[in-house]
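The file work37.cif comes next; it holds mmCIF, C-alpha atoms (C1' of nucleotides); chains and numbers go by the auth columns.
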```
data_final
loop_
_atom_site.group_PDB
_atom_site.id
_atom_site.type_symbol
_atom_site.label_atom_id
_atom_site.label_comp_id
_atom_site.label_asym_id
_atom_site.label_seq_id
_atom_site.Cartn_x
_atom_site.Cartn_y
_atom_site.Cartn_z
_atom_site.B_iso_or_equiv
_atom_site.auth_seq_id
_atom_site.auth_asym_id
ATOM 1 C CA MET A 1 0.000 0.000 0.000 0.00 1 A
ATOM 2 C CA PRO A 2 1.431 3.380 -0.959 0.00 2 A
ATOM 3 C CA ALA A 3 1.599 5.912 1.822 0.00 3 A
ATOM 4 C CA HIS A 4 -0.637 8.946 1.761 0.00 4 A
ATOM 5 C CA PRO A 5 1.139 11.749 -0.109 0.00 5 A
ATOM 6 C CA THR A 6 0.974 14.163 2.819 0.00 6 A
ATOM 7 C CA ASP A 7 2.313 11.580 5.206 0.00 7 A
ATOM 8 C CA PRO A 8 5.971 10.704 4.783 0.00 8 A
ATOM 9 C CA HIS A 9 5.802 7.820 7.231 0.00 9 A
ATOM 10 C CA SER A 10 3.863 4.780 6.212 0.00 10 A
ATOM 11 C CA GLY A 11 2.676 4.015 9.730 0.00 11 A
ATOM 12 C CA ALA A 12 0.459 6.992 10.508 0.00 12 A
ATOM 13 C CA SER A 13 -0.859 6.065 13.914 0.00 13 A
ATOM 14 C CA SER A 14 -4.562 6.238 14.560 0.00 14 A
ATOM 15 C CA TRP A 15 -6.182 6.748 17.938 0.00 15 A
ATOM 16 C CA LEU A 16 -7.537 3.216 17.514 0.00 16 A
ATOM 17 C CA GLN A 17 -4.002 2.007 18.204 0.00 17 A
ATOM 18 C CA SER A 18 -3.996 3.732 21.582 0.00 18 A
ATOM 19 C CA ARG A 19 -3.539 1.433 24.511 0.00 19 A
ATOM 20 C CA TRP A 20 -6.916 2.219 26.048 0.00 20 A
ATOM 21 C CA ALA A 21 -8.780 1.768 22.749 0.00 21 A
ATOM 22 C CA ARG A 22 -7.238 -1.636 22.140 0.00 22 A
ATOM 23 C CA ALA A 23 -8.127 -2.689 25.665 0.00 23 A
ATOM 24 C CA LEU A 24 -11.830 -1.965 25.197 0.00 24 A
ATOM 25 C CA PRO A 25 -14.303 -4.722 24.297 0.00 25 A
ATOM 26 C CA ARG A 26 -15.791 -4.332 20.836 0.00 26 A
ATOM 27 C CA ASP A 27 -19.157 -2.976 21.963 0.00 27 A
ATOM 28 C CA GLU A 28 -17.649 -0.329 24.223 0.00 28 A
ATOM 29 C CA LEU A 29 -15.259 0.776 21.506 0.00 29 A
ATOM 30 C CA GLN A 30 -18.115 1.061 19.046 0.00 30 A
ATOM 31 C CA ALA A 31 -20.069 3.198 21.499 0.00 31 A
ATOM 32 C CA VAL A 32 -17.492 6.004 21.314 0.00 32 A
ATOM 33 C CA ALA A 33 -15.703 5.308 18.036 0.00 33 A
ATOM 34 C CA GLY A 34 -17.666 7.895 16.090 0.00 34 A
ATOM 35 C CA ASP A 35 -17.051 10.636 18.639 0.00 35 A
ATOM 36 C CA VAL A 36 -13.284 11.011 18.280 0.00 36 A
ATOM 37 C CA TRP A 37 -11.925 13.677 15.981 0.00 37 A
ATOM 38 C CA GLU A 38 -8.440 14.795 15.051 0.00 38 A
ATOM 39 C CA ARG A 39 -6.699 18.042 14.311 0.00 39 A
ATOM 40 C CA SER A 40 -3.163 18.986 13.370 0.00 40 A
ATOM 41 C CA PHE A 41 -1.244 21.803 15.030 0.00 41 A
ATOM 42 C CA PRO A 42 1.982 23.469 13.858 0.00 42 A
ATOM 43 C CA ALA A 43 4.868 23.772 16.266 0.00 43 A
ATOM 44 C CA GLY A 44 4.212 26.509 18.794 0.00 44 A
ATOM 45 C CA ALA A 45 0.423 26.441 18.413 0.00 45 A
ATOM 46 C CA THR A 46 -1.834 26.316 21.447 0.00 46 A
ATOM 47 C CA VAL A 47 -3.828 23.089 21.674 0.00 47 A
ATOM 48 C CA ALA A 48 -5.809 24.005 24.786 0.00 48 A
ATOM 49 C CA THR A 49 -5.874 27.216 26.787 0.00 49 A
ATOM 50 C CA LYS A 50 -5.813 27.646 30.533 0.00 50 A
ATOM 51 C CA GLY A 51 -9.256 28.648 31.792 0.00 51 A
ATOM 52 C CA GLN A 52 -11.200 27.043 28.954 0.00 52 A
ATOM 53 C CA ALA A 53 -13.882 24.468 29.689 0.00 53 A
ATOM 54 C CA ALA A 54 -12.368 20.984 29.601 0.00 54 A
ATOM 55 C CA ASP A 55 -14.695 19.396 27.060 0.00 55 A
ATOM 56 C CA HIS A 56 -12.220 16.900 25.667 0.00 56 A
ATOM 57 C CA TRP A 57 -9.665 14.325 26.595 0.00 57 A
ATOM 58 C CA MET A 58 -6.638 14.659 24.326 0.00 58 A
ATOM 59 C CA GLY A 59 -4.295 12.149 22.755 0.00 59 A
ATOM 60 C CA VAL A 60 -0.982 12.805 21.021 0.00 60 A
ATOM 61 C CA LEU A 61 -0.998 10.712 17.837 0.00 61 A
ATOM 62 C CA GLU A 62 2.072 12.353 16.368 0.00 62 A
ATOM 63 C CA GLY A 63 4.488 14.990 17.637 0.00 63 A
ATOM 64 C CA MET A 64 4.772 16.298 21.180 0.00 64 A
ATOM 65 C CA VAL A 65 3.022 18.784 23.449 0.00 65 A
ATOM 66 C CA LYS A 66 3.918 20.401 26.743 0.00 66 A
ATOM 67 C CA VAL A 67 1.701 21.324 29.664 0.00 67 A
ATOM 68 C CA ASP A 68 2.744 24.618 31.164 0.00 68 A
ATOM 69 C CA THR A 69 1.644 27.861 32.712 0.00 69 A
ATOM 70 C CA ASN A 70 2.628 31.365 31.737 0.00 70 A
ATOM 71 C CA ARG A 71 3.524 33.764 34.469 0.00 71 A
ATOM 72 C CA ALA A 72 2.794 37.451 34.425 0.00 72 A
ATOM 73 C CA ASP A 73 6.390 38.297 33.478 0.00 73 A
ATOM 74 C CA GLY A 74 6.051 36.286 30.280 0.00 74 A
ATOM 75 C CA ARG A 75 8.199 33.363 31.351 0.00 75 A
ATOM 76 C CA SER A 76 6.743 29.891 31.468 0.00 76 A
ATOM 77 C CA THR A 77 7.068 26.831 33.674 0.00 77 A
ATOM 78 C CA THR A 78 6.671 23.420 32.084 0.00 78 A
ATOM 79 C CA PHE A 79 5.172 20.570 34.085 0.00 79 A
ATOM 80 C CA ILE A 80 5.106 17.632 31.709 0.00 80 A
ATOM 81 C CA GLY A 81 5.807 16.751 28.124 0.00 81 A
ATOM 82 C CA VAL A 82 3.576 14.269 26.334 0.00 82 A
ATOM 83 C CA SER A 83 4.714 12.556 23.159 0.00 83 A
ATOM 84 C CA SER A 84 3.362 9.985 20.726 0.00 84 A
ATOM 85 C CA GLY A 85 0.855 7.599 22.219 0.00 85 A
ATOM 86 C CA GLY A 86 0.262 9.671 25.337 0.00 86 A
ATOM 87 C CA TRP A 87 -3.094 10.990 26.535 0.00 87 A
ATOM 88 C CA LEU A 88 -3.635 13.967 28.797 0.00 88 A
ATOM 89 C CA GLY A 89 -6.179 16.249 30.394 0.00 89 A
ATOM 90 C CA GLU A 90 -8.266 13.589 32.134 0.00 90 A
ATOM 91 C CA GLY A 91 -7.997 15.412 35.471 0.00 91 A
ATOM 92 C CA ALA A 92 -10.024 18.455 34.465 0.00 92 A
ATOM 93 C CA VAL A 93 -12.408 16.345 32.346 0.00 93 A
ATOM 94 C CA LEU A 94 -13.195 14.085 35.305 0.00 94 A
ATOM 95 C CA LYS A 95 -13.769 16.960 37.675 0.00 95 A
ATOM 96 C CA GLY A 96 -15.693 19.062 35.196 0.00 96 A
ATOM 97 C CA GLU A 97 -13.329 21.947 35.813 0.00 97 A
ATOM 98 C CA ARG A 98 -11.683 24.436 33.557 0.00 98 A
ATOM 99 C CA ARG A 99 -8.244 23.696 32.154 0.00 99 A
ATOM 100 C CA PRO A 100 -5.704 24.504 34.836 0.00 100 A
ATOM 101 C CA TYR A 101 -2.805 24.805 32.357 0.00 101 A
ATOM 102 C CA ASP A 102 -1.983 25.590 28.765 0.00 102 A
ATOM 103 C CA VAL A 103 -1.235 22.804 26.310 0.00 103 A
ATOM 104 C CA VAL A 104 1.206 23.875 23.589 0.00 104 A
ATOM 105 C CA ALA A 105 2.576 21.904 20.636 0.00 105 A
ATOM 106 C CA LEU A 106 6.366 21.590 20.737 0.00 106 A
ATOM 107 C CA GLN A 107 6.481 20.118 17.231 0.00 107 A
ATOM 108 C CA ASP A 108 4.018 19.808 14.409 0.00 108 A
ATOM 109 C CA SER A 109 1.520 17.523 16.086 0.00 109 A
ATOM 110 C CA ARG A 110 -1.620 15.556 15.355 0.00 110 A
ATOM 111 C CA ILE A 111 -3.991 15.473 18.302 0.00 111 A
ATOM 112 C CA ALA A 112 -7.071 13.316 18.896 0.00 112 A
ATOM 113 C CA PHE A 113 -10.007 14.630 20.928 0.00 113 A
ATOM 114 C CA LEU A 114 -12.512 12.491 22.814 0.00 114 A
ATOM 115 C CA PRO A 115 -15.555 14.522 23.941 0.00 115 A
ATOM 116 C CA ARG A 116 -16.198 14.725 27.659 0.00 116 A
ATOM 117 C CA ALA A 117 -19.575 12.966 27.361 0.00 117 A
ATOM 118 C CA SER A 118 -17.927 9.957 25.710 0.00 118 A
ATOM 119 C CA PHE A 119 -15.153 9.974 28.285 0.00 119 A
ATOM 120 C CA LEU A 120 -17.692 9.966 31.119 0.00 120 A
ATOM 121 C CA TRP A 121 -19.689 7.202 29.437 0.00 121 A
ATOM 122 C CA LEU A 122 -16.577 5.016 29.388 0.00 122 A
ATOM 123 C CA TYR A 123 -15.874 6.007 32.973 0.00 123 A
ATOM 124 C CA GLU A 124 -19.342 4.797 34.001 0.00 124 A
ATOM 125 C CA HIS A 125 -19.539 1.695 31.845 0.00 125 A
ATOM 126 C CA SER A 126 -16.118 0.285 31.063 0.00 126 A
ATOM 127 C CA LEU A 127 -13.987 -1.720 33.453 0.00 127 A
ATOM 128 C CA ALA A 128 -11.141 -1.827 30.947 0.00 128 A
ATOM 129 C CA PHE A 129 -11.189 1.953 30.629 0.00 129 A
ATOM 130 C CA ASN A 130 -11.059 2.399 34.382 0.00 130 A
ATOM 131 C CA HIS A 131 -8.101 0.062 34.585 0.00 131 A
ATOM 132 C CA PHE A 132 -6.362 2.174 31.997 0.00 132 A
ATOM 133 C CA LEU A 133 -7.144 5.365 33.888 0.00 133 A
ATOM 134 C CA ILE A 134 -5.802 4.041 37.159 0.00 134 A
ATOM 135 C CA THR A 135 -2.624 2.827 35.497 0.00 135 A
ATOM 136 C CA GLN A 136 -2.132 6.203 33.827 0.00 136 A
ATOM 137 C CA LEU A 137 -2.802 8.241 36.974 0.00 137 A
ATOM 138 C CA ASN A 138 -0.547 5.934 38.967 0.00 138 A
ATOM 139 C CA ALA A 139 2.311 6.389 36.492 0.00 139 A
ATOM 140 C CA ARG A 140 1.906 10.143 36.526 0.00 140 A
ATOM 141 C CA LEU A 141 1.776 10.287 40.299 0.00 141 A
ATOM 142 C CA ALA A 142 4.966 8.244 40.503 0.00 142 A
ATOM 143 C CA GLN A 143 6.609 10.676 38.088 0.00 143 A
ATOM 144 C CA PHE A 144 5.742 13.692 40.185 0.00 144 A
ATOM 145 C CA ILE A 145 6.787 12.086 43.436 0.00 145 A
ATOM 146 C CA VAL A 146 10.188 11.192 42.032 0.00 146 A
ATOM 147 C CA SER A 147 10.391 14.636 40.476 0.00 147 A
ATOM 148 C CA VAL A 148 9.889 16.382 43.808 0.00 148 A
ATOM 149 C CA GLU A 149 12.299 14.044 45.526 0.00 149 A
ATOM 150 C CA ARG A 150 15.051 14.468 42.955 0.00 150 A
ATOM 151 C CA SER A 151 14.765 18.180 42.262 0.00 151 A
ATOM 152 C CA ARG A 152 16.716 19.182 45.346 0.00 152 A
ATOM 153 C CA ILE A 153 19.524 16.759 45.941 0.00 153 A
ATOM 154 C CA HIS A 154 20.667 15.552 42.584 0.00 154 A
ATOM 155 C CA THR A 155 23.139 16.691 39.945 0.00 155 A
ATOM 156 C CA THR A 156 21.991 18.444 36.830 0.00 156 A
ATOM 157 C CA ALA A 157 22.871 15.444 34.671 0.00 157 A
ATOM 158 C CA GLU A 158 20.550 13.314 36.769 0.00 158 A
ATOM 159 C CA GLN A 159 17.809 15.916 36.525 0.00 159 A
ATOM 160 C CA ILE A 160 18.151 15.964 32.744 0.00 160 A
ATOM 161 C CA ALA A 161 18.175 12.181 32.644 0.00 161 A
ATOM 162 C CA PHE A 162 14.955 12.202 34.619 0.00 162 A
ATOM 163 C CA GLY A 163 13.320 14.714 32.312 0.00 163 A
ATOM 164 C CA LEU A 164 14.310 12.710 29.270 0.00 164 A
ATOM 165 C CA ALA A 165 13.225 9.436 30.848 0.00 165 A
ATOM 166 C CA SER A 166 9.812 10.905 31.647 0.00 166 A
ATOM 167 C CA LEU A 167 9.316 11.686 27.953 0.00 167 A
ATOM 168 C CA LEU A 168 10.041 8.034 27.205 0.00 168 A
ATOM 169 C CA ASP A 169 7.895 6.613 29.997 0.00 169 A
ATOM 170 C CA PRO A 170 6.400 3.462 28.449 0.00 170 A
ATOM 171 C CA VAL A 171 3.081 3.851 30.280 0.00 171 A
ATOM 172 C CA LEU A 172 2.516 7.563 29.661 0.00 172 A
ATOM 173 C CA ASN A 173 4.101 7.843 26.192 0.00 173 A
ATOM 174 C CA PRO A 174 3.900 4.326 24.766 0.00 174 A
ATOM 175 C CA GLU A 175 4.843 5.106 21.180 0.00 175 A
ATOM 176 C CA ALA A 176 7.765 7.427 21.852 0.00 176 A
ATOM 177 C CA GLY A 177 10.822 6.395 19.875 0.00 177 A
ATOM 178 C CA CYS A 178 14.431 6.639 20.958 0.00 178 A
ATOM 179 C CA ARG A 179 14.975 9.797 18.919 0.00 179 A
ATOM 180 C CA VAL A 180 13.514 12.643 20.936 0.00 180 A
ATOM 181 C CA ARG A 181 12.887 15.784 18.932 0.00 181 A
ATOM 182 C CA ILE A 182 13.282 18.584 21.492 0.00 182 A
ATOM 183 C CA SER A 183 15.565 21.591 21.937 0.00 183 A
ATOM 184 C CA HIS A 184 17.876 22.063 24.904 0.00 184 A
ATOM 185 C CA GLU A 185 15.796 25.062 25.857 0.00 185 A
ATOM 186 C CA GLU A 186 12.497 23.158 26.052 0.00 186 A
ATOM 187 C CA LEU A 187 14.086 20.249 27.868 0.00 187 A
ATOM 188 C CA GLY A 188 15.516 22.763 30.331 0.00 188 A
ATOM 189 C CA LYS A 189 12.050 24.170 30.986 0.00 189 A
ATOM 190 C CA LEU A 190 10.764 20.663 31.531 0.00 190 A
ATOM 191 C CA CYS A 191 13.506 20.067 34.092 0.00 191 A
ATOM 192 C CA GLY A 192 13.313 23.512 35.658 0.00 192 A
ATOM 193 C CA VAL A 193 16.823 24.561 34.652 0.00 193 A
ATOM 194 C CA SER A 194 18.337 27.094 32.277 0.00 194 A
ATOM 195 C CA ARG A 195 19.297 26.256 28.722 0.00 195 A
ATOM 196 C CA GLN A 196 22.978 26.371 29.631 0.00 196 A
ATOM 197 C CA VAL A 197 22.554 23.957 32.518 0.00 197 A
ATOM 198 C CA ALA A 198 20.447 21.639 30.374 0.00 198 A
ATOM 199 C CA ALA A 199 23.115 21.626 27.662 0.00 199 A
ATOM 200 C CA LYS A 200 25.834 20.821 30.199 0.00 200 A
ATOM 201 C CA GLY A 201 23.833 17.923 31.598 0.00 201 A
ATOM 202 C CA LEU A 202 23.148 16.618 28.111 0.00 202 A
ATOM 203 C CA HIS A 203 26.825 16.658 27.225 0.00 203 A
ATOM 204 C CA THR A 204 27.625 14.776 30.395 0.00 204 A
ATOM 205 C CA LEU A 205 25.079 12.114 29.484 0.00 205 A
ATOM 206 C CA ALA A 206 26.490 12.001 25.962 0.00 206 A
ATOM 207 C CA GLN A 207 30.016 11.456 27.299 0.00 207 A
ATOM 208 C CA GLN A 208 28.697 8.580 29.368 0.00 208 A
ATOM 209 C CA GLY A 209 27.345 7.081 26.163 0.00 209 A
ATOM 210 C CA LEU A 210 23.721 7.148 27.265 0.00 210 A
ATOM 211 C CA ILE A 211 22.610 9.533 24.549 0.00 211 A
ATOM 212 C CA ARG A 212 23.868 11.030 21.307 0.00 212 A
ATOM 213 C CA LEU A 213 23.276 14.671 20.450 0.00 213 A
ATOM 214 C CA GLU A 214 22.198 15.868 17.033 0.00 214 A
ATOM 215 C CA TYR A 215 20.844 19.171 15.853 0.00 215 A
ATOM 216 C CA GLY A 216 17.397 19.386 17.439 0.00 216 A
ATOM 217 C CA VAL A 217 17.353 15.707 18.316 0.00 217 A
ATOM 218 C CA ILE A 218 18.449 13.661 21.309 0.00 218 A
ATOM 219 C CA GLU A 219 18.989 10.020 20.491 0.00 219 A
ATOM 220 C CA VAL A 220 18.687 7.740 23.466 0.00 220 A
ATOM 221 C CA ARG A 221 21.115 4.866 23.070 0.00 221 A
ATOM 222 C CA ASP A 222 20.631 3.090 26.375 0.00 222 A
ATOM 223 C CA SER A 223 17.230 3.777 27.880 0.00 223 A
ATOM 224 C CA THR A 224 17.744 1.342 30.739 0.00 224 A
ATOM 225 C CA ALA A 225 20.924 3.085 31.840 0.00 225 A
ATOM 226 C CA LEU A 226 19.211 6.428 31.363 0.00 226 A
ATOM 227 C CA ARG A 227 16.385 5.421 33.662 0.00 227 A
ATOM 228 C CA SER A 228 18.761 4.252 36.323 0.00 228 A
ATOM 229 C CA ALA A 229 20.763 7.473 35.945 0.00 229 A
ATOM 230 C CA ALA A 230 17.514 9.271 36.608 0.00 230 A
ATOM 231 C CA GLY A 231 17.006 7.298 39.787 0.00 231 A
ATOM 232 C CA LEU A 232 14.161 5.223 38.412 0.00 232 A
ATOM 233 C CA ALA A 233 13.725 1.516 38.974 0.00 233 A
ATOM 234 C CA GLY A 234 14.336 -0.760 36.004 0.00 234 A
ATOM 235 C "C1'" DT B 1 19.601 20.743 -8.846 0.00 1 B
ATOM 236 C "C1'" DC B 2 21.866 24.425 -6.751 0.00 2 B
ATOM 237 C "C1'" DA B 3 22.304 29.049 -4.521 0.00 3 B
ATOM 238 C "C1'" DT B 4 20.223 32.263 -1.350 0.00 4 B
ATOM 239 C "C1'" DT B 5 17.605 33.468 2.703 0.00 5 B
ATOM 240 C "C1'" DA B 6 15.282 32.951 6.814 0.00 6 B
ATOM 241 C "C1'" DA B 7 14.429 30.486 11.047 0.00 7 B
ATOM 242 C "C1'" DA B 8 15.655 27.471 14.668 0.00 8 B
ATOM 243 C "C1'" DT B 9 19.096 25.576 17.539 0.00 9 B
ATOM 244 C "C1'" DT B 10 23.392 25.453 19.704 0.00 10 B
ATOM 245 C "C1'" DG B 11 27.884 27.493 21.316 0.00 11 B
ATOM 246 C "C1'" DT B 12 30.386 31.211 23.607 0.00 12 B
ATOM 247 C "C1'" DT B 13 31.279 35.174 26.364 0.00 13 B
ATOM 248 C "C1'" DA C 1 21.393 37.622 28.895 0.00 1 C
ATOM 249 C "C1'" DA C 2 23.273 38.923 24.584 0.00 2 C
ATOM 250 C "C1'" DC C 3 25.743 37.760 20.604 0.00 3 C
ATOM 251 C "C1'" DA C 4 27.905 34.563 17.238 0.00 4 C
ATOM 252 C "C1'" DA C 5 28.123 30.300 14.755 0.00 5 C
ATOM 253 C "C1'" DT C 6 25.924 26.317 12.821 0.00 6 C
ATOM 254 C "C1'" DT C 7 22.270 23.443 10.930 0.00 7 C
ATOM 255 C "C1'" DT C 8 17.951 22.884 8.773 0.00 8 C
ATOM 256 C "C1'" DA C 9 14.019 24.350 5.963 0.00 9 C
ATOM 257 C "C1'" DA C 10 12.065 27.196 2.474 0.00 10 C
ATOM 258 C "C1'" DT C 11 12.355 29.753 -1.642 0.00 11 C
ATOM 259 C "C1'" DG C 12 13.360 30.697 -6.307 0.00 12 C
ATOM 260 C "C1'" DA C 13 16.249 30.623 -10.405 0.00 13 C
#
```

Before we go any further, please render this structure as structure tokens.
Amino acid sequence: MPAHPTDPHSGASSWLQSRWARALPRDELQAVAGDVWERSFPAGATVATKGQAADHWMGVLEGMVKVDTNRADGRSTTFIGVSSGGWLGEGAVLKGERRPYDVVALQDSRIAFLPRASFLWLYEHSLAFNHFLITQLNARLAQFIVSVERSRIHTTAEQIAFGLASLLDPVLNPEAGCRVRISHEELGKLCGVSRQVAAKGLHTLAQQGLIRLEYGVIEVRDSTALRSAAGLAG
DNA sequence: TCATTAAATTGTT
DNA sequence: AACAATTTAATGA
């Protein structure tokens, strides 16, 4: 089968390949299948704005987004990055609250949207969906706990390793490859350090052979060693 | 296809 | 933080 002309990669991932969708029984999947829609965003575009009603649960089919908040002085703090295969925004959808943070595309990205009503239907009716949700929330909670623990004591290289490892988390970002397309500056924001400090940590990790640096790309060569460098269990 | 230009990213002070 | 150097992407002959 020839690939679609606008899509250079033959394996354009659909939301149907998402972990939660594959876990659903056929009838439950059919109940919401027609409700999902997709939209593409160029790098830098805002996917969801802080303060908006949270009417959708969002999935990253291609590309990467960050969840952050802009302060009055114009600077921003990044909380998490979500890459291919990851889903986000369930917190506000569940609680029926407004979006607490901005969601911004870091690369050209294709995002899937599941309407809140469909999300809540799955929440009420699907055991498999609830298992997925618990697993996802548990993984994210673990990430934040380790993040708080590590942010004080550890070296910058370890902080960077942690930030990188979180982008590759197999539960939260299942389809992320080993080539991470992110600038030193954005990775620094994700880790709460300056661009210079992020670059220094990256070079340390590169010297240790855990990663290889290219222009705009960080290639992870040994993800197991990277995770242990970040203080995460195997 | 190749040269030019702009934009993004990285390096240096 | 500001500036310089480098790489990539886009444009047009």

Compile the residues of chain C that lie within 10 Å of chain A, evaluated using all atoms listed in the file, and express the compilation as a PyMOL selection string. chain C and resi 6-8

I want to know what sits within 12 Å of stretch 5-13 of chain B, based on all atoms listed in the file, with residues of the same chain fewer than 4 positions away left out; could you give that as a short mmCIF file (atom, residue, chain, number, x, y, z; two decimals) with C-alpha atoms (C1' of nucleotides), keeping the file's coordinate frame?
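Dumped everything to selection01.cif:
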```
data_model
loop_
_atom_site.label_atom_id
_atom_site.label_comp_id
_atom_site.auth_asym_id
_atom_site.auth_seq_id
_atom_site.Cartn_x
_atom_site.Cartn_y
_atom_site.Cartn_z
CA ALA A 43 4.87 23.77 16.27
CA ARG A 181 12.89 15.78 18.93
CA ILE A 182 13.28 18.58 21.49
CA SER A 183 15.56 21.59 21.94
CA HIS A 184 17.88 22.06 24.90
CA GLU A 185 15.80 25.06 25.86
CA GLU A 186 12.50 23.16 26.05
CA ARG A 195 19.30 26.26 28.72
CA GLN A 196 22.98 26.37 29.63
CA ALA A 198 20.45 21.64 30.37
CA ALA A 199 23.12 21.63 27.66
CA LYS A 200 25.83 20.82 30.20
CA LEU A 213 23.28 14.67 20.45
CA GLU A 214 22.20 15.87 17.03
CA TYR A 215 20.84 19.17 15.85
CA GLY A 216 17.40 19.39 17.44
CA VAL A 217 17.35 15.71 18.32
"C1'" DA C 1 21.39 37.62 28.90
"C1'" DA C 2 23.27 38.92 24.58
"C1'" DC C 3 25.74 37.76 20.60
"C1'" DA C 4 27.90 34.56 17.24
"C1'" DA C 5 28.12 30.30 14.76
"C1'" DT C 6 25.92 26.32 12.82
"C1'" DT C 7 22.27 23.44 10.93
"C1'" DT C 8 17.95 22.88 8.77
"C1'" DA C 9 14.02 24.35 5.96
"C1'" DA C 10 12.06 27.20 2.47
"C1'" DT C 11 12.36 29.75 -1.64
"C1'" DG C 12 13.36 30.70 -6.31
#
```

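Computed from the coordinates, the atom CA of A:Leu164 to atom CA of A:Met58 distance equals 21.6 Å.
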
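Between atom CA of A:Ser76 and atom CA of A:Ser228 the interatomic distance comes to 28.7 Å.
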
Specify the axis-aligned box that encloses all atoms of stretch 64-67 of chain A listed in the file after padding of 5 Å on each side, stating its centre and edge lengths in Å to one decimal as lines of an AutoDock Vina configuration file.
```
center_x = 3.2
center_y = 18.8
center_z = 25.4
size_x = 13.1
size_y = 15.0
size_z = 18.5
```

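Across the model, the gap from atom CA of A:Ala157 to atom CA of A:Leu205 is 6.5 Å.
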
Using only C-alpha atoms (C1' of nucleotides), determine which residues lie at most 12 Å from stretch 125-128 of chain A, disregarding the query and same-chain residues fewer than 6 positions distant; provide the list as a PyMOL selection string. chain A and resi 19-29+31-32+118-119+134-135

Evaluate the PyMOL selection byres ((chain B and resi 3) around 9) and report residues as a PyMOL selection string: (chain B and resi 2+4) or (chain C and resi 13)

Translate the PyMOL selection byres ((chain A and resi 50-55) around 6), as applied to the file shown, into an explicit residue set as a short mmCIF file (atom, residue, chain, number, x, y, z; two decimals) with C-alpha atoms, in the coordinates of the input.
```
data_model
loop_
_atom_site.label_atom_id
_atom_site.label_comp_id
_atom_site.auth_asym_id
_atom_site.auth_seq_id
_atom_site.Cartn_x
_atom_site.Cartn_y
_atom_site.Cartn_z
CA THR A 49 -5.87 27.22 26.79
CA HIS A 56 -12.22 16.90 25.67
CA ALA A 92 -10.02 18.45 34.47
CA VAL A 93 -12.41 16.34 32.35
CA ARG A 98 -11.68 24.44 33.56
CA ARG A 99 -8.24 23.70 32.15
CA PRO A 100 -5.70 24.50 34.84
CA TYR A 101 -2.80 24.80 32.36
CA ASP A 102 -1.98 25.59 28.76
CA PRO A 115 -15.56 14.52 23.94
CA ARG A 116 -16.20 14.72 27.66
#
```

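Across A:Gly231, A:Gly209, A:Leu122, A:Leu133, the tightest approach to A:Ile153 is made by A:Gly231 when counting only C-alpha atoms.
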